[in-house]
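Visitor: My file is data-v2.cif. It has mmCIF, N, CA and C atoms:
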```cif
data_target
loop_
_atom_site.label_atom_id
_atom_site.label_comp_id
_atom_site.auth_asym_id
_atom_site.auth_seq_id
_atom_site.Cartn_x
_atom_site.Cartn_y
_atom_site.Cartn_z
N MET A 1 53.75 3.30 30.66
CA MET A 1 52.62 3.84 29.96
C MET A 1 51.75 4.60 30.92
N GLN A 2 51.21 5.61 30.40
CA GLN A 2 50.38 6.48 31.20
C GLN A 2 48.94 6.41 30.69
N ASN A 3 48.00 6.28 31.58
CA ASN A 3 46.58 6.30 31.20
C ASN A 3 46.12 7.74 31.13
N ILE A 4 45.51 8.06 30.02
CA ILE A 4 44.98 9.41 29.86
C ILE A 4 43.47 9.32 29.86
N GLU A 5 42.85 9.99 30.75
CA GLU A 5 41.39 10.00 30.81
C GLU A 5 40.89 11.34 30.31
N LEU A 6 39.94 11.27 29.43
CA LEU A 6 39.33 12.49 28.94
C LEU A 6 38.10 12.78 29.78
N GLU A 7 37.96 13.99 30.10
CA GLU A 7 36.78 14.37 30.87
C GLU A 7 35.68 14.75 29.88
N MET A 8 34.56 14.06 30.00
CA MET A 8 33.42 14.36 29.14
C MET A 8 32.20 14.52 30.01
N ASP A 9 31.40 15.45 29.62
CA ASP A 9 30.15 15.60 30.36
C ASP A 9 29.10 14.64 29.79
N THR A 10 28.00 14.50 30.44
CA THR A 10 26.96 13.53 30.08
C THR A 10 26.39 13.75 28.68
N PRO A 11 26.08 14.96 28.22
CA PRO A 11 25.56 15.11 26.86
C PRO A 11 26.54 14.65 25.79
N MET A 12 27.84 14.87 26.02
CA MET A 12 28.83 14.43 25.04
C MET A 12 28.89 12.91 24.98
N LYS A 13 28.81 12.25 26.14
CA LYS A 13 28.80 10.80 26.17
C LYS A 13 27.58 10.25 25.44
N ALA A 14 26.44 10.87 25.63
CA ALA A 14 25.21 10.44 24.97
C ALA A 14 25.33 10.60 23.45
N LEU A 15 25.92 11.71 23.03
CA LEU A 15 26.10 11.95 21.59
C LEU A 15 27.04 10.91 20.98
N LEU A 16 28.12 10.58 21.64
CA LEU A 16 29.04 9.56 21.14
C LEU A 16 28.38 8.18 21.10
N LEU A 17 27.57 7.88 22.11
CA LEU A 17 26.87 6.60 22.13
C LEU A 17 25.89 6.50 20.96
N ILE A 18 25.12 7.53 20.72
CA ILE A 18 24.16 7.54 19.61
C ILE A 18 24.89 7.43 18.28
N ALA A 19 25.99 8.17 18.13
CA ALA A 19 26.75 8.12 16.88
C ALA A 19 27.35 6.74 16.65
N SER A 20 27.83 6.10 17.70
CA SER A 20 28.44 4.77 17.52
C SER A 20 27.39 3.72 17.17
N LEU A 21 26.14 3.95 17.57
CA LEU A 21 25.09 3.00 17.23
C LEU A 21 24.48 3.24 15.85
N THR A 22 24.38 4.48 15.42
CA THR A 22 23.70 4.78 14.16
C THR A 22 24.62 4.77 12.94
N LEU A 23 25.88 5.11 13.08
CA LEU A 23 26.76 5.18 11.91
C LEU A 23 26.89 3.84 11.20
N PRO A 24 27.08 2.71 11.88
CA PRO A 24 27.14 1.44 11.13
C PRO A 24 25.83 1.13 10.40
N THR A 25 24.71 1.48 11.01
CA THR A 25 23.42 1.23 10.36
C THR A 25 23.28 2.08 9.11
N LEU A 26 23.65 3.34 9.18
CA LEU A 26 23.56 4.21 8.01
C LEU A 26 24.50 3.75 6.90
N ALA A 27 25.68 3.29 7.27
CA ALA A 27 26.62 2.81 6.25
C ALA A 27 26.06 1.57 5.56
N PHE A 28 25.44 0.65 6.29
CA PHE A 28 24.86 -0.55 5.70
C PHE A 28 23.68 -0.18 4.79
N ALA A 29 22.84 0.77 5.22
CA ALA A 29 21.70 1.18 4.40
C ALA A 29 22.18 1.82 3.10
N THR A 30 23.24 2.62 3.16
CA THR A 30 23.79 3.24 1.96
C THR A 30 24.33 2.19 1.02
N PHE A 31 24.97 1.15 1.56
CA PHE A 31 25.48 0.06 0.73
C PHE A 31 24.34 -0.66 0.03
N GLN A 32 23.23 -0.88 0.72
CA GLN A 32 22.10 -1.58 0.12
C GLN A 32 21.50 -0.77 -1.03
N VAL A 33 21.37 0.53 -0.84
CA VAL A 33 20.79 1.37 -1.88
C VAL A 33 21.71 1.45 -3.09
N ALA A 34 23.01 1.51 -2.86
CA ALA A 34 23.97 1.66 -3.95
C ALA A 34 24.43 0.32 -4.52
N GLY A 35 23.87 -0.79 -4.03
CA GLY A 35 24.29 -2.12 -4.49
C GLY A 35 24.05 -2.30 -5.98
N THR A 36 24.70 -3.30 -6.55
CA THR A 36 24.61 -3.51 -7.99
C THR A 36 23.47 -4.43 -8.39
N ASP A 37 22.81 -5.08 -7.43
CA ASP A 37 21.74 -6.00 -7.83
C ASP A 37 20.38 -5.33 -7.86
N THR A 38 20.32 -4.06 -8.19
CA THR A 38 19.04 -3.39 -8.35
C THR A 38 18.60 -3.52 -9.80
N MET A 39 17.29 -3.47 -10.03
CA MET A 39 16.76 -3.58 -11.38
C MET A 39 16.99 -2.28 -12.14
N PRO A 40 17.43 -2.34 -13.36
CA PRO A 40 17.68 -1.10 -14.11
C PRO A 40 16.38 -0.39 -14.44
N VAL A 41 16.47 0.92 -14.46
CA VAL A 41 15.31 1.72 -14.83
C VAL A 41 15.21 1.71 -16.35
N HIS A 42 13.99 1.46 -16.85
CA HIS A 42 13.80 1.35 -18.30
C HIS A 42 12.77 2.37 -18.75
N GLN A 43 13.08 3.14 -19.76
CA GLN A 43 12.20 4.21 -20.20
C GLN A 43 11.43 3.87 -21.47
N GLY A 44 11.60 2.67 -22.02
CA GLY A 44 11.00 2.38 -23.31
C GLY A 44 9.81 1.44 -23.22
N ASN A 45 9.62 0.69 -24.27
CA ASN A 45 8.54 -0.28 -24.38
C ASN A 45 8.82 -1.46 -23.47
N LEU A 46 7.79 -1.94 -22.73
CA LEU A 46 7.98 -3.07 -21.83
C LEU A 46 8.31 -4.36 -22.58
N ASN A 47 7.93 -4.45 -23.86
CA ASN A 47 8.20 -5.65 -24.62
C ASN A 47 9.69 -5.83 -24.92
N THR A 48 10.48 -4.76 -24.76
CA THR A 48 11.91 -4.87 -25.01
C THR A 48 12.67 -5.35 -23.77
N LEU A 49 11.99 -5.43 -22.64
CA LEU A 49 12.64 -5.91 -21.42
C LEU A 49 12.82 -7.42 -21.48
N PRO A 50 13.86 -7.93 -20.86
CA PRO A 50 13.99 -9.38 -20.75
C PRO A 50 12.83 -9.93 -19.92
N LYS A 51 12.46 -11.18 -20.17
CA LYS A 51 11.32 -11.77 -19.47
C LYS A 51 11.51 -11.79 -17.97
N SER A 52 12.74 -11.86 -17.49
CA SER A 52 12.96 -11.91 -16.04
C SER A 52 12.59 -10.60 -15.36
N TYR A 53 12.51 -9.49 -16.11
CA TYR A 53 12.15 -8.21 -15.52
C TYR A 53 10.66 -7.89 -15.66
N ARG A 54 9.95 -8.62 -16.50
CA ARG A 54 8.53 -8.33 -16.71
C ARG A 54 7.72 -8.78 -15.51
N VAL A 55 6.70 -8.00 -15.21
CA VAL A 55 5.79 -8.36 -14.13
C VAL A 55 4.45 -8.69 -14.77
N ASN A 56 4.06 -9.95 -14.68
CA ASN A 56 2.78 -10.39 -15.22
C ASN A 56 1.89 -10.82 -14.06
N PRO A 57 1.11 -9.91 -13.55
CA PRO A 57 0.28 -10.29 -12.41
C PRO A 57 -0.78 -11.30 -12.83
N ALA A 58 -0.99 -12.27 -12.00
CA ALA A 58 -1.99 -13.28 -12.28
C ALA A 58 -3.35 -12.81 -11.78
N VAL A 59 -4.38 -13.20 -12.50
CA VAL A 59 -5.76 -12.90 -12.13
C VAL A 59 -6.41 -14.24 -11.79
N THR A 60 -7.11 -14.31 -10.67
CA THR A 60 -7.67 -15.58 -10.22
C THR A 60 -9.16 -15.45 -9.97
N LEU A 61 -9.89 -16.45 -10.45
CA LEU A 61 -11.33 -16.57 -10.18
C LEU A 61 -11.52 -17.80 -9.30
N ARG A 62 -12.12 -17.59 -8.14
CA ARG A 62 -12.42 -18.69 -7.23
C ARG A 62 -13.93 -18.89 -7.20
N THR A 63 -14.36 -20.08 -7.57
CA THR A 63 -15.79 -20.38 -7.53
C THR A 63 -16.07 -21.34 -6.38
N HIS A 64 -17.33 -21.37 -6.00
CA HIS A 64 -17.78 -22.26 -4.94
C HIS A 64 -19.11 -22.87 -5.36
N LYS A 65 -19.66 -23.72 -4.55
CA LYS A 65 -20.95 -24.33 -4.88
C LYS A 65 -21.99 -23.24 -5.02
N GLY A 66 -22.82 -23.37 -6.03
CA GLY A 66 -23.86 -22.38 -6.27
C GLY A 66 -24.06 -22.18 -7.76
N GLU A 67 -24.66 -21.07 -8.12
CA GLU A 67 -24.93 -20.74 -9.52
C GLU A 67 -23.74 -20.02 -10.13
N LEU A 68 -23.55 -20.22 -11.42
CA LEU A 68 -22.43 -19.62 -12.14
C LEU A 68 -22.60 -18.12 -12.31
N TYR A 69 -23.81 -17.69 -12.68
CA TYR A 69 -24.04 -16.28 -13.01
C TYR A 69 -23.61 -15.32 -11.90
N PRO A 70 -24.07 -15.49 -10.64
CA PRO A 70 -23.67 -14.49 -9.63
C PRO A 70 -22.17 -14.47 -9.35
N GLN A 71 -21.53 -15.60 -9.52
CA GLN A 71 -20.09 -15.64 -9.26
C GLN A 71 -19.31 -14.93 -10.37
N VAL A 72 -19.73 -15.12 -11.61
CA VAL A 72 -19.09 -14.41 -12.72
C VAL A 72 -19.39 -12.91 -12.62
N ARG A 73 -20.63 -12.57 -12.27
CA ARG A 73 -21.03 -11.17 -12.11
C ARG A 73 -20.16 -10.48 -11.06
N ASP A 74 -19.99 -11.10 -9.89
CA ASP A 74 -19.20 -10.50 -8.82
C ASP A 74 -17.72 -10.39 -9.20
N TYR A 75 -17.22 -11.41 -9.87
CA TYR A 75 -15.83 -11.40 -10.32
C TYR A 75 -15.58 -10.23 -11.27
N LEU A 76 -16.46 -10.08 -12.26
CA LEU A 76 -16.30 -8.99 -13.22
C LEU A 76 -16.49 -7.63 -12.57
N LYS A 77 -17.40 -7.53 -11.63
CA LYS A 77 -17.62 -6.27 -10.92
C LYS A 77 -16.36 -5.87 -10.14
N ASN A 78 -15.72 -6.85 -9.51
CA ASN A 78 -14.49 -6.56 -8.75
C ASN A 78 -13.36 -6.09 -9.66
N HIS A 79 -13.37 -6.51 -10.92
CA HIS A 79 -12.33 -6.10 -11.86
C HIS A 79 -12.79 -4.96 -12.79
N ARG A 80 -13.93 -4.38 -12.46
CA ARG A 80 -14.48 -3.22 -13.20
C ARG A 80 -14.80 -3.55 -14.65
N TRP A 81 -15.41 -4.71 -14.85
CA TRP A 81 -15.90 -5.12 -16.15
C TRP A 81 -17.42 -5.18 -16.09
N GLN A 82 -18.06 -5.10 -17.27
CA GLN A 82 -19.52 -5.20 -17.35
C GLN A 82 -19.90 -6.58 -17.85
N LEU A 83 -21.05 -7.07 -17.36
CA LEU A 83 -21.54 -8.38 -17.78
C LEU A 83 -22.92 -8.24 -18.38
N HIS A 84 -23.12 -8.82 -19.57
CA HIS A 84 -24.43 -8.87 -20.23
C HIS A 84 -24.78 -10.35 -20.35
N TRP A 85 -25.61 -10.84 -19.45
CA TRP A 85 -25.96 -12.26 -19.39
C TRP A 85 -27.34 -12.42 -20.01
N THR A 86 -27.41 -13.00 -21.18
CA THR A 86 -28.70 -13.23 -21.84
C THR A 86 -28.99 -14.73 -21.98
N ALA A 87 -28.20 -15.57 -21.36
CA ALA A 87 -28.44 -17.01 -21.40
C ALA A 87 -29.74 -17.32 -20.65
N LYS A 88 -30.50 -18.27 -21.18
CA LYS A 88 -31.80 -18.58 -20.57
C LYS A 88 -31.67 -19.38 -19.27
N LYS A 89 -30.61 -20.18 -19.18
CA LYS A 89 -30.42 -20.99 -17.99
C LYS A 89 -29.08 -20.67 -17.34
N ASP A 90 -29.06 -20.87 -16.03
CA ASP A 90 -27.81 -20.73 -15.30
C ASP A 90 -27.23 -22.13 -15.09
N ILE A 91 -25.99 -22.20 -14.77
CA ILE A 91 -25.31 -23.47 -14.55
C ILE A 91 -25.07 -23.63 -13.04
N ALA A 92 -25.39 -24.80 -12.51
CA ALA A 92 -25.12 -25.09 -11.11
C ALA A 92 -23.69 -25.60 -10.97
N LEU A 93 -22.94 -24.95 -10.10
CA LEU A 93 -21.57 -25.38 -9.83
C LEU A 93 -21.59 -26.30 -8.61
N LEU A 94 -20.97 -27.45 -8.74
CA LEU A 94 -20.99 -28.44 -7.67
C LEU A 94 -19.69 -28.50 -6.88
N LEU A 95 -18.64 -27.90 -7.42
CA LEU A 95 -17.32 -27.96 -6.79
C LEU A 95 -16.70 -26.58 -6.65
N LYS A 96 -15.79 -26.47 -5.72
CA LYS A 96 -14.96 -25.27 -5.63
C LYS A 96 -13.87 -25.39 -6.69
N THR A 97 -13.61 -24.31 -7.40
CA THR A 97 -12.52 -24.31 -8.37
C THR A 97 -11.76 -23.00 -8.28
N GLU A 98 -10.55 -23.02 -8.79
CA GLU A 98 -9.73 -21.82 -8.86
C GLU A 98 -9.09 -21.78 -10.23
N ILE A 99 -9.35 -20.72 -10.98
CA ILE A 99 -8.81 -20.57 -12.32
C ILE A 99 -7.95 -19.32 -12.34
N THR A 100 -6.71 -19.47 -12.79
CA THR A 100 -5.76 -18.36 -12.82
C THR A 100 -5.30 -18.14 -14.25
N GLY A 101 -5.15 -16.89 -14.63
CA GLY A 101 -4.67 -16.52 -15.95
C GLY A 101 -3.99 -15.17 -15.91
N GLN A 102 -3.50 -14.73 -17.06
CA GLN A 102 -2.79 -13.46 -17.14
C GLN A 102 -3.72 -12.25 -17.26
N SER A 103 -5.01 -12.51 -17.57
CA SER A 103 -5.96 -11.41 -17.72
C SER A 103 -7.37 -11.93 -17.43
N VAL A 104 -8.30 -11.00 -17.28
CA VAL A 104 -9.70 -11.37 -17.05
C VAL A 104 -10.24 -12.18 -18.22
N PRO A 105 -10.04 -11.76 -19.49
CA PRO A 105 -10.54 -12.58 -20.60
C PRO A 105 -9.94 -13.98 -20.63
N ALA A 106 -8.66 -14.12 -20.30
CA ALA A 106 -8.03 -15.44 -20.30
C ALA A 106 -8.68 -16.36 -19.26
N VAL A 107 -8.96 -15.82 -18.10
CA VAL A 107 -9.61 -16.60 -17.04
C VAL A 107 -11.01 -17.00 -17.47
N LEU A 108 -11.76 -16.07 -18.06
CA LEU A 108 -13.13 -16.38 -18.49
C LEU A 108 -13.15 -17.43 -19.59
N HIS A 109 -12.23 -17.33 -20.54
CA HIS A 109 -12.18 -18.33 -21.60
C HIS A 109 -11.88 -19.72 -21.04
N ARG A 110 -10.98 -19.78 -20.06
CA ARG A 110 -10.68 -21.07 -19.43
C ARG A 110 -11.90 -21.60 -18.68
N LEU A 111 -12.65 -20.72 -18.04
CA LEU A 111 -13.85 -21.15 -17.31
C LEU A 111 -14.92 -21.66 -18.26
N PHE A 112 -15.19 -20.91 -19.32
CA PHE A 112 -16.29 -21.25 -20.22
C PHE A 112 -15.94 -22.38 -21.19
N GLU A 113 -14.69 -22.84 -21.22
CA GLU A 113 -14.36 -24.04 -21.99
C GLU A 113 -15.15 -25.25 -21.47
N HIS A 114 -15.49 -25.21 -20.19
CA HIS A 114 -16.19 -26.33 -19.55
C HIS A 114 -17.70 -26.26 -19.77
N TYR A 115 -18.19 -25.19 -20.35
CA TYR A 115 -19.63 -25.02 -20.57
C TYR A 115 -19.89 -24.67 -22.03
N PRO A 116 -19.86 -25.66 -22.92
CA PRO A 116 -19.98 -25.38 -24.36
C PRO A 116 -21.35 -24.86 -24.76
N LYS A 117 -22.38 -25.03 -23.94
CA LYS A 117 -23.70 -24.52 -24.30
C LYS A 117 -23.79 -23.01 -24.13
N LEU A 118 -22.90 -22.43 -23.36
CA LEU A 118 -22.88 -20.98 -23.17
C LEU A 118 -21.88 -20.37 -24.15
N LYS A 119 -22.30 -19.33 -24.83
CA LYS A 119 -21.43 -18.63 -25.79
C LYS A 119 -20.87 -17.38 -25.13
N LEU A 120 -19.57 -17.30 -25.06
CA LEU A 120 -18.88 -16.19 -24.42
C LEU A 120 -18.29 -15.28 -25.49
N SER A 121 -18.52 -13.98 -25.34
CA SER A 121 -17.83 -13.01 -26.19
C SER A 121 -17.30 -11.89 -25.30
N VAL A 122 -16.07 -11.49 -25.57
CA VAL A 122 -15.37 -10.52 -24.73
C VAL A 122 -14.94 -9.33 -25.57
N SER A 123 -15.20 -8.14 -25.06
CA SER A 123 -14.71 -6.92 -25.70
C SER A 123 -13.75 -6.24 -24.73
N THR A 124 -12.46 -6.35 -25.01
CA THR A 124 -11.48 -5.73 -24.12
C THR A 124 -11.50 -4.21 -24.22
N LYS A 125 -11.89 -3.70 -25.38
CA LYS A 125 -11.96 -2.25 -25.56
C LYS A 125 -13.01 -1.63 -24.64
N LYS A 126 -14.19 -2.27 -24.60
CA LYS A 126 -15.29 -1.77 -23.77
C LYS A 126 -15.28 -2.35 -22.37
N ARG A 127 -14.39 -3.32 -22.13
CA ARG A 127 -14.34 -4.04 -20.85
C ARG A 127 -15.71 -4.63 -20.53
N SER A 128 -16.26 -5.33 -21.50
CA SER A 128 -17.55 -5.96 -21.31
C SER A 128 -17.53 -7.40 -21.77
N VAL A 129 -18.38 -8.20 -21.14
CA VAL A 129 -18.49 -9.62 -21.42
C VAL A 129 -19.94 -9.93 -21.68
N SER A 130 -20.18 -10.73 -22.72
CA SER A 130 -21.54 -11.15 -23.07
C SER A 130 -21.60 -12.67 -23.00
N VAL A 131 -22.64 -13.19 -22.35
CA VAL A 131 -22.85 -14.63 -22.26
C VAL A 131 -24.23 -14.92 -22.81
N LYS A 132 -24.31 -15.78 -23.86
CA LYS A 132 -25.58 -16.13 -24.48
C LYS A 132 -25.83 -17.61 -24.31
#
```
Let me see the file written as structure tokens.
Guide:
Amino acid sequence: MQNIELEMDTPMKALLLIASLTLPTLAFATFQVAGTDTMPVHQGNLNTLPKSYRVNPAVTLRTHKGELYPQVRDYLKNHRWQLHWTAKKDIALLLKTEITGQSVPAVLHRLFEHYPKLKLSVSTKKRSVSVK
């Protein structure tokens, strides 16, 4: 057997080294993009999607010791809702709590279940909340 050596200059060696390092990476990336476990693109109503494909982001209200009014006000302000508080008294919160729901109204209804003296009304059309 005879050994055959190819003469290559330095730029050619560098090009071969770069190609040998990047080609396997590109092939793996192409496989990932073309894989079959991607979510199908859907052009219709979201209610027709299976539940496993729906994204229902949770909304969370975290309260701390203090008054109820400023915490509800700040929470609604962060979610771009308006608050009309006409209740004569505020409620003192003694504990930290965390209430999670599928929407701002759902979270507020869960919160105000604990305060029957306060009357909550929500208008999702106007994105406003009234507390009496």
Visitor: What does the PyMOL selection byres (((chain A and resi 103 and name CA) around 9) and name CA) select in this file, as a list in words?
Guide: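 On the file shown, the PyMOL selection byres (((chain A and resi 103 and name CA) around 9) and name CA) covers Pro57, Ala58, Val59, Thr60, Thr100, Gly101, Gln102, Val104, Pro105, Ala106, Val107 and Leu108 of chain A.
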Visitor: Which value, in Å to one decimal, gives the distance between atom CA of Lys96 of chain A and atom CA of Glu113 of chain A?
Guide: 16.4 Å
Visitor: Atom CA of Ser123 of chain A and atom CA of Trp85 of chain A, how far apart in Å?
Guide: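 Taking atom CA of Trp85 of chain A and atom CA of Ser123 of chain A, their separation equals 14.0 Å.
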Visitor: Which residues are close to Arg127 of chain A, i.e. within 5 Å by all atoms listed in the file, leaving aside same-chain residues fewer than 3 positions away? Reply as a VMD selection string.
Guide: chain A and resid 81 to 82 123 to 124
Visitor: Where does the PyMOL selection byres ((chain A and resi 92) around 6.5) land in this file, that is, which residues does it pick, as a PyMOL selection string?
Guide: chain A and resi 66-68+90-91+93-94
Visitor: Check the DSSP output for the backbone and give back, as a PyMOL selection string, the residues of segment 51-126 of chain A in helix (DSSP H, G or I).
Guide: chain A and resi 51-53+68-78+104-112
Visitor: Enter the distance from atom C of Thr22 of chain A to atom C of Thr10 of chain A, in Å, rounded to one decimal.
Guide: 18.2 Å
Visitor: Write out as a list in words each polymer residue whose atoms come within 12 Å of Lys117 of chain A, counting only C-alpha atoms; drop sequence neighbours fewer than 3 positions from it.
Guide: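 Result of the neighbour search: Ala87, Lys88, Lys89, Asp90, Ile91, Phe112, Glu113, His114, Leu120, Val131 and Lys132 of chain A.
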Visitor: Using all atoms listed in the file, which residue out of A:Val122, A:Leu111, A:Met12, A:Leu95 lies closest to Lys65 of chain A?
Guide: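 Checking each candidate against Lys65 of chain A, we get A:Leu95 as the closest.
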Visitor: Which is closest to Leu61 of chain A among A:Ser128, A:Thr86, A:Asn78, A:Thr97, if we use only N, CA and C atoms?
Guide: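 Ranking A:Ser128, A:Thr86, A:Asn78, A:Thr97 by distance to Leu61 of chain A, first place goes to A:Thr97.
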Visitor: Among segment 51-126 of chain A, which residues carry a DSSP assignment of strand (DSSP E or B), reported as a list in words?
Guide: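 Here is the list: Val59, Thr60, Leu61, Arg62, Thr63, Gly66, Glu67, Gln82, Leu83, His84, Trp85, Ala92, Leu93, Thr97, Glu98, Ile99, Thr100, Gly101, Leu120, Ser121, Val122 and Ser123 of chain A.
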Visitor: Mind dumping the selected residues with N, CA and C atoms as an mmCIF file, keeping the file's coordinate frame?
Guide:
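selection-v7.cif, written as the output of this step:
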```cif
data_model
loop_
_atom_site.group_PDB
_atom_site.id
_atom_site.type_symbol
_atom_site.label_atom_id
_atom_site.label_comp_id
_atom_site.auth_asym_id
_atom_site.auth_seq_id
_atom_site.Cartn_x
_atom_site.Cartn_y
_atom_site.Cartn_z
ATOM 1 N N VAL A 59 -4.380 -13.200 -12.500
ATOM 2 C CA VAL A 59 -5.760 -12.900 -12.130
ATOM 3 C C VAL A 59 -6.410 -14.240 -11.790
ATOM 4 N N THR A 60 -7.110 -14.310 -10.670
ATOM 5 C CA THR A 60 -7.670 -15.580 -10.220
ATOM 6 C C THR A 60 -9.160 -15.450 -9.970
ATOM 7 N N LEU A 61 -9.890 -16.450 -10.450
ATOM 8 C CA LEU A 61 -11.330 -16.570 -10.180
ATOM 9 C C LEU A 61 -11.520 -17.800 -9.300
ATOM 10 N N ARG A 62 -12.120 -17.590 -8.140
ATOM 11 C CA ARG A 62 -12.420 -18.690 -7.230
ATOM 12 C C ARG A 62 -13.930 -18.890 -7.200
ATOM 13 N N THR A 63 -14.360 -20.080 -7.570
ATOM 14 C CA THR A 63 -15.790 -20.380 -7.530
ATOM 15 C C THR A 63 -16.070 -21.340 -6.380
ATOM 16 N N GLY A 66 -22.820 -23.370 -6.030
ATOM 17 C CA GLY A 66 -23.860 -22.380 -6.270
ATOM 18 C C GLY A 66 -24.060 -22.180 -7.760
ATOM 19 N N GLU A 67 -24.660 -21.070 -8.120
ATOM 20 C CA GLU A 67 -24.930 -20.740 -9.520
ATOM 21 C C GLU A 67 -23.740 -20.020 -10.130
ATOM 22 N N GLN A 82 -18.060 -5.100 -17.270
ATOM 23 C CA GLN A 82 -19.520 -5.200 -17.350
ATOM 24 C C GLN A 82 -19.900 -6.580 -17.850
ATOM 25 N N LEU A 83 -21.050 -7.070 -17.360
ATOM 26 C CA LEU A 83 -21.540 -8.380 -17.780
ATOM 27 C C LEU A 83 -22.920 -8.240 -18.380
ATOM 28 N N HIS A 84 -23.120 -8.820 -19.570
ATOM 29 C CA HIS A 84 -24.430 -8.870 -20.230
ATOM 30 C C HIS A 84 -24.780 -10.350 -20.350
ATOM 31 N N TRP A 85 -25.610 -10.840 -19.450
ATOM 32 C CA TRP A 85 -25.960 -12.260 -19.390
ATOM 33 C C TRP A 85 -27.340 -12.420 -20.010
ATOM 34 N N ALA A 92 -25.390 -24.800 -12.510
ATOM 35 C CA ALA A 92 -25.120 -25.090 -11.110
ATOM 36 C C ALA A 92 -23.690 -25.600 -10.970
ATOM 37 N N LEU A 93 -22.940 -24.950 -10.100
ATOM 38 C CA LEU A 93 -21.570 -25.380 -9.830
ATOM 39 C C LEU A 93 -21.590 -26.300 -8.610
ATOM 40 N N THR A 97 -13.610 -24.310 -7.400
ATOM 41 C CA THR A 97 -12.520 -24.310 -8.370
ATOM 42 C C THR A 97 -11.760 -23.000 -8.280
ATOM 43 N N GLU A 98 -10.550 -23.020 -8.790
ATOM 44 C CA GLU A 98 -9.730 -21.820 -8.860
ATOM 45 C C GLU A 98 -9.090 -21.780 -10.230
ATOM 46 N N ILE A 99 -9.350 -20.720 -10.980
ATOM 47 C CA ILE A 99 -8.810 -20.570 -12.320
ATOM 48 C C ILE A 99 -7.950 -19.320 -12.340
ATOM 49 N N THR A 100 -6.710 -19.470 -12.790
ATOM 50 C CA THR A 100 -5.760 -18.360 -12.820
ATOM 51 C C THR A 100 -5.300 -18.140 -14.250
ATOM 52 N N GLY A 101 -5.150 -16.890 -14.630
ATOM 53 C CA GLY A 101 -4.670 -16.520 -15.950
ATOM 54 C C GLY A 101 -3.990 -15.170 -15.910
ATOM 55 N N LEU A 120 -19.570 -17.300 -25.060
ATOM 56 C CA LEU A 120 -18.880 -16.190 -24.420
ATOM 57 C C LEU A 120 -18.290 -15.280 -25.490
ATOM 58 N N SER A 121 -18.520 -13.980 -25.340
ATOM 59 C CA SER A 121 -17.830 -13.010 -26.190
ATOM 60 C C SER A 121 -17.300 -11.890 -25.300
ATOM 61 N N VAL A 122 -16.070 -11.490 -25.570
ATOM 62 C CA VAL A 122 -15.370 -10.520 -24.730
ATOM 63 C C VAL A 122 -14.940 -9.330 -25.570
ATOM 64 N N SER A 123 -15.200 -8.140 -25.060
ATOM 65 C CA SER A 123 -14.710 -6.920 -25.700
ATOM 66 C C SER A 123 -13.750 -6.240 -24.730
#
```
